[in-house]
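Novice: Take this structure, written in structure tokens, and hold onto it; I'll ask about it next.
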Amino acid sequence: MTTPASRKFSKAEPPPSESKSFTAYPAPGESATSRAPYMRNRWIPGTDGVIVVVLTALCAFTRLYQIGRRAIVSWDESHFGKFGAFYVRRQWFHDVHPPLAKALIALSEVLAGHNGTFEFKGPYPDYVNYKFMRQFTAMFGIGLVPLAYVACHQLNMSRRACVLAACFVLLDNALCVMSRFILLDESLLFFTAATLCSVAGLQNARHQAFSRTWWRWLLLTGASLGLVASCKWVGFLTIALVGLYTIGELFTMYIECVAVRTVARHFMARVLCLIAIPFLIYAACFKMHFMVLNRSGSGDARMPPAFQASLKGSPLGKQPFTVMYDSQLTLRSMHAGSGILHSHAHRFPEGSGQQQITCYGHKDSNNEWIIARPRGVGFNNTADPPVPVRHGDVVNLMHQQTKAVLHAHRAFAAPVTAGAYEVTAYGRLGWKDRNNDWRVEIVREQSRIVNSELHAITTQFNLRHVPTGCLLSAEAVRLPSWGFGQTEVTCSRQNASGAATSLWVVEKHVNSRVPKTDMRKLVKRSFVEDFVELNLAMARSNNALVPDRDKHNHLESDAWSWPFLVYPMRLLGSWKEGDIKYYEVGNPLLWWSSALCCLLFPLQLLFHFARKQRGVPAQWAPGEELHYWNGAKLLWGGWALHYLPFFLFGRVLYLHHYLPSLYFALLLLAFEIDYFCRHVLRGRLQNVVLALWAVGALAVFCWFAPLTFGYSGAIEELKYRKWLPTWNIYEDRHVM
């Protein structure tokens, strides 16, 4: 008789230390299909396929029913429809969101035969097939239901629970009403749902690592991540979910002593599919954006002068190259977000009280300056040949509109930035005031013509104040309301000559005595430069969308109120009888119960952990515990990561920002109901509970359906639809 210490292991039976492997993956040398961590659902085309078709058809009815009833541009259609028209006209525009969702709207306009001339204001004209455009967008909303079913199937929920989860998505009024207009949110939701479905499929195929099925789900996950991030930056929250899920898997492999080579293979596969592929898709969408929008448009001023000059029809495309004295100029700061050197007749309320100098982000006549020689140095600007401005020249800059001269002095500090001098517009050309003198110091030249002369667009230079030696600077610091929120301009003693805050470029040069040059042949731009600059411009615009707490806006709401539907939103400003009215109110039964489910889940997790620590016998079937927590953490994590970060955001928030979180919450609710039925109820009672949930969701959906599909009667006729005193269905406490 052998003791455990003296027991010999055969080749067919490895010692325990060698047989230990990551529970979701086969041990080295083991068949990829030899065992699964738990019983998996099987897709039965004759059953699951029919269910998906029926659910999709029902969803199509709710999303498309009377979709063209209101033949007037509604809510944010005025923005996103117009952006699609810009694509059709190929005119450059600026927006805070990545391009994919807007490009899809543009595709719908092209397919609808729109020529891009409608500006999406007021009633739709006869030549604009707005119904087709709305139907195209609604397709993404319709796709949420089959994706919900497939995702729940991959999470190994019972078939009846999969149907219930799909019905929850089908019967939510907020998801329905948002899919009926030309908006970005439905494509965002669709690709979010596609990512969840792909991750669930990947999780379900973990025991088949590196098989064809496993690679397919991993590639689909990466593609979905790239697409969701290319719709809105909120999609990066989906990337965070998948990233944390991946880190958790790799960490589990490590602590379970999986072979280093196997872990390295998993790591490289995820780097390729979950980082490289999403980035390539994201970058490709911007490449498409640059290729299509090759004409000058309303968003030119948000981009650097060199990019503007490359656009067809841009006023910067053809202009005199070498800057001459007595030319009219606009000067742009090279510091991202600062803008163009600007002045106006308003004065500083403190300090010198002289005329304000700022930077302004939009094209304006108050951005125009005349560059001139200082006092006592003159020439006949009509008879003498034009004289170029060179490195080291001392110049004066006169504001074209007010005739005041760019001025700085030691006597007064800058109004906001500590340690810098105030910059004003003061005096007139010819005055004997050395505080008006600035020395041109060329720092770098970006064209192939390198000499000591100042050039439009391609020359970056400093303006050094002659008496004090400080540099004209703009650091994207906003002035108070007396400065109209524009950028402060100072004379800094601390900036280095090469710092972006003190670098300037001549954006526009006007001089009738100097021939114009095709700047597109001289400027050098790369896709990487444009890609980075546009993303930075989007970030600046996004950060500027801050709420005004002193002024009520009936559309805005705070993140804390979303799960409880405290402040539903009117999608139209006019709420009179005869107007077709839409109200973004979710299905209260689903919103409140899913919110409660999400809030209680951490307590449920803590309860199970405490029971496990106390050694209380679990009621799990073999492998069921792993199955449950894998699915629950994915769904609850999706809700938390798509919701909680909004408490940190300083930008304006709206109820529809909660919809991605809601999608995860609805699936988690169905997941928990399924878990409850399996472990607490028996027999037909399980079906009764599931049916009651479905019927209840249907009843509440129908109750609020008039406001989802559009209601034209007197709103007072919809009695008892106001379930909370904060709902503004009948009357608004604030002036709209």
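Chain labels run A, B, ... following the order of the structure tokens; each chain numbers its residues from 1, and ligands are numbered from 1 in the order shown.
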Write out as a ChimeraX atom specification which residues come within 8 Å of Ile715 of chain A when counting only C-alpha atoms, dropping same-chain ones fewer than 6 positions away.
Specialist: /A:575-577,729-730
Novice: For the residues in that selection, give me C-alpha atoms as a PDB file, in the first residue's frame.
Specialist:
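Ended up saving to selection-v8.pdb:
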```
ATOM      1  CA  TRP A 575     -46.617  71.830 -26.952  1.00  0.00           C
ATOM      2  CA  LYS A 576     -49.876  73.295 -28.261  1.00  0.00           C
ATOM      3  CA  GLU A 577     -52.951  71.448 -29.439  1.00  0.00           C
ATOM      4  CA  ILE A 729     -46.113  66.351 -19.744  1.00  0.00           C
ATOM      5  CA  TYR A 730     -48.953  68.778 -19.114  1.00  0.00           C
TER       6      TYR A 730
END
```
Novice: Find the spatial neighbours of Lys232 of chain A, counting only C-alpha atoms, within a cut-off of 9 Å - ignore same-chain residues fewer than 6 positions away - and output them as a list of chain:residue names.
Specialist: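 These residues fall inside the cut-off: A:Val96, A:His97, A:Pro98, A:Pro99, A:Leu100, A:Ala101, A:Leu184, A:Asp185, A:Leu188.
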Novice: I'd like the contact shell of Ser338 of chain A - 7 Å cut-off, only C-alpha atoms, skipping same-chain residues fewer than 5 positions apart - returned as a PyMOL selection string.
Specialist: chain A and resi 333+359+361+474-476+487
Novice: For segment 327-330 of chain A, list every protein, DNA or RNA residue within 6 Å, evaluated using only C-alpha atoms, and leave out those in the same chain fewer than 5 positions away; present the list as a count of residues only.
Specialist: 11
Novice: What is the distance between atom CA of Leu692 of chain A and atom CA of Gly46 of chain A, in Å to one decimal?
Specialist: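 Between atom CA of Leu692 of chain A and atom CA of Gly46 of chain A the gap is 26.0 Å.
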Novice: Taking only C-alpha atoms into account, name the residue in A:Leu626, A:Ala345, A:Leu147, A:Leu293 that is nearest to Gly201 of chain A.
Specialist: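 Among A:Leu626, A:Ala345, A:Leu147, A:Leu293, it is A:Leu147 that comes nearest to Gly201 of chain A.
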Novice: So that I can check the surroundings of Tyr654 of chain A, please list as a compact mmCIF listing (two decimals) with N, CA, C and O atoms, in the first residue's frame every protein, DNA and RNA residue that reaches within 6 Å of it, counting only C-alpha atoms and ignoring chain neighbours fewer than 2 positions away.
Specialist:
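What follows is the written file out_25.txt:
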```
# COMPACT_ATOMS: atom_id res chain seq x y z
N GLU A 556 -32.07 69.81 -20.35
CA GLU A 556 -30.94 69.27 -19.59
C GLU A 556 -31.42 68.53 -18.34
O GLU A 556 -32.50 68.79 -17.81
N SER A 557 -30.59 67.61 -17.89
CA SER A 557 -30.86 66.90 -16.64
C SER A 557 -29.54 66.39 -16.08
O SER A 557 -28.55 66.30 -16.80
N HIS A 656 -30.94 61.19 -22.90
CA HIS A 656 -30.56 60.13 -23.84
C HIS A 656 -29.13 59.64 -23.63
O HIS A 656 -28.75 58.61 -24.18
N HIS A 657 -28.33 60.35 -22.82
CA HIS A 657 -27.00 59.85 -22.50
C HIS A 657 -27.07 58.57 -21.66
O HIS A 657 -26.07 57.83 -21.57
```
Novice: Please identify which residues in segment 566-681 of chain A DSSP calls alpha helix (DSSP H) from the backbone, and express them as a ChimeraX atom specification.
Specialist: /A:588-613,624-643,659-680
Novice: Find the residues near Leu635 of chain A: any atom within 12 Å, counting only C-alpha atoms, skip ones fewer than 5 places away on the same chain, and give them as a PyMOL selection string.
Specialist: chain A and resi 148+151-152+155+193+195-197+199-200+238+241-242+245+594+597-598+601+628-630+640-642+660-672
Novice: How close does each residue of segment 328-366 of chain A get to segment 518-539 of chain A, giving the shortest atom pair and distance in Å to one decimal for every residue with an atom at most 12 Å away, counting only C-alpha atoms, sorted by chain and residue number, as a tab-separated table?
Specialist:
```
residue	atom	partner	partner_atom	distance
A:Met334	CA	A:Glu533	CA	11.4
A:His335	CA	A:Glu533	CA	11.2
A:Ala336	CA	A:Ala537	CA	7.7
A:Gly337	CA	A:Ala537	CA	7.1
A:Ser338	CA	A:Ala537	CA	10.8
A:Gly339	CA	A:Ala537	CA	11.2
A:Gly361	CA	A:Ala537	CA	11.0
```
Novice: Take the residues from that selection and write them out as an mmCIF file, in the first residue's frame, keeping C-alpha atoms.
Specialist:
```cif
data_model
loop_
_atom_site.group_PDB
_atom_site.id
_atom_site.type_symbol
_atom_site.label_atom_id
_atom_site.label_comp_id
_atom_site.auth_asym_id
_atom_site.auth_seq_id
_atom_site.Cartn_x
_atom_site.Cartn_y
_atom_site.Cartn_z
ATOM 1 C CA MET A 334 -0.305 78.238 -32.548
ATOM 2 C CA HIS A 335 -1.538 77.199 -29.106
ATOM 3 C CA ALA A 336 -4.434 74.817 -29.579
ATOM 4 C CA GLY A 337 -7.732 76.401 -28.654
ATOM 5 C CA SER A 338 -6.533 79.996 -28.368
ATOM 6 C CA GLY A 339 -7.790 81.412 -31.668
ATOM 7 C CA GLY A 361 -12.119 81.358 -32.309
#
```
Novice: A:Val394, A:Leu429, A:Leu589, A:Ala621: which is nearest Trp703 of chain A, counting only C-alpha atoms?
Specialist: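 Between A:Val394, A:Leu429, A:Leu589, A:Ala621, the residue approaching Trp703 of chain A most closely is A:Leu589.
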Novice: To one decimal place, how far is atom CA of Ala174 of chain A from atom CA of Pro645 of chain A in Å?
Specialist: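 Straight-line distance from atom CA of Ala174 of chain A to atom CA of Pro645 of chain A works out to 21.2 Å.
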Novice: Taking 2 positions as the minimum chain separation for residues in the same chain, which residues sit within 6 Å of Ile357 of chain A when counting only C-alpha atoms? Answer as a VMD selection string.
Specialist: chain A and resid 342 to 343 424
Novice: Could you tell me which of A:Leu479, A:Tyr582, A:Pro45, A:Thr517 comes closest to Ala309 of chain A if we count only C-alpha atoms?
Specialist: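 Nearest to Ala309 of chain A: A:Thr517.
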Novice: How far is it from atom CA of Met178 of chain A to atom CA of Leu555 of chain A, in Å with one decimal?
Specialist: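 Atom-to-atom, atom CA of Met178 of chain A and atom CA of Leu555 of chain A are spaced 14.3 Å apart.
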Novice: Let me make sure I understand: among A:Pro622, A:Ile105, A:His344, A:Phe709, which one has the smallest atom-to-atom distance to Leu64 of chain A if we use only C-alpha atoms?
Specialist: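 The answer is A:Phe709, which sits nearest to Leu64 of chain A.
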Novice: Name the closest residue to Phe191 of chain A among the candidates A:Gly650, A:Ile51, A:Ser211, A:Ala229; distances are taken between atoms, counting only C-alpha atoms.
Specialist: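 Using only C-alpha atoms, the shortest distance to Phe191 of chain A belongs to A:Ala229.
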Novice: I need the residue nearest Trp727 of chain A from this list: A:Val292, A:Ile275, A:Val450, A:Val585. Use only C-alpha atoms for the distance.
Specialist: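 Nearest to Trp727 of chain A: A:Val585.
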Novice: Identify, with DSSP run on backbone atoms, the residues in segment 429-613 of chain A assigned to strand (DSSP E or B), and express the list as a PyMOL selection string.
Specialist: chain A and resi 438-445+453+455-456+459-465+471-478+487-492+504-510+517-518+556+569-570+581+583-584
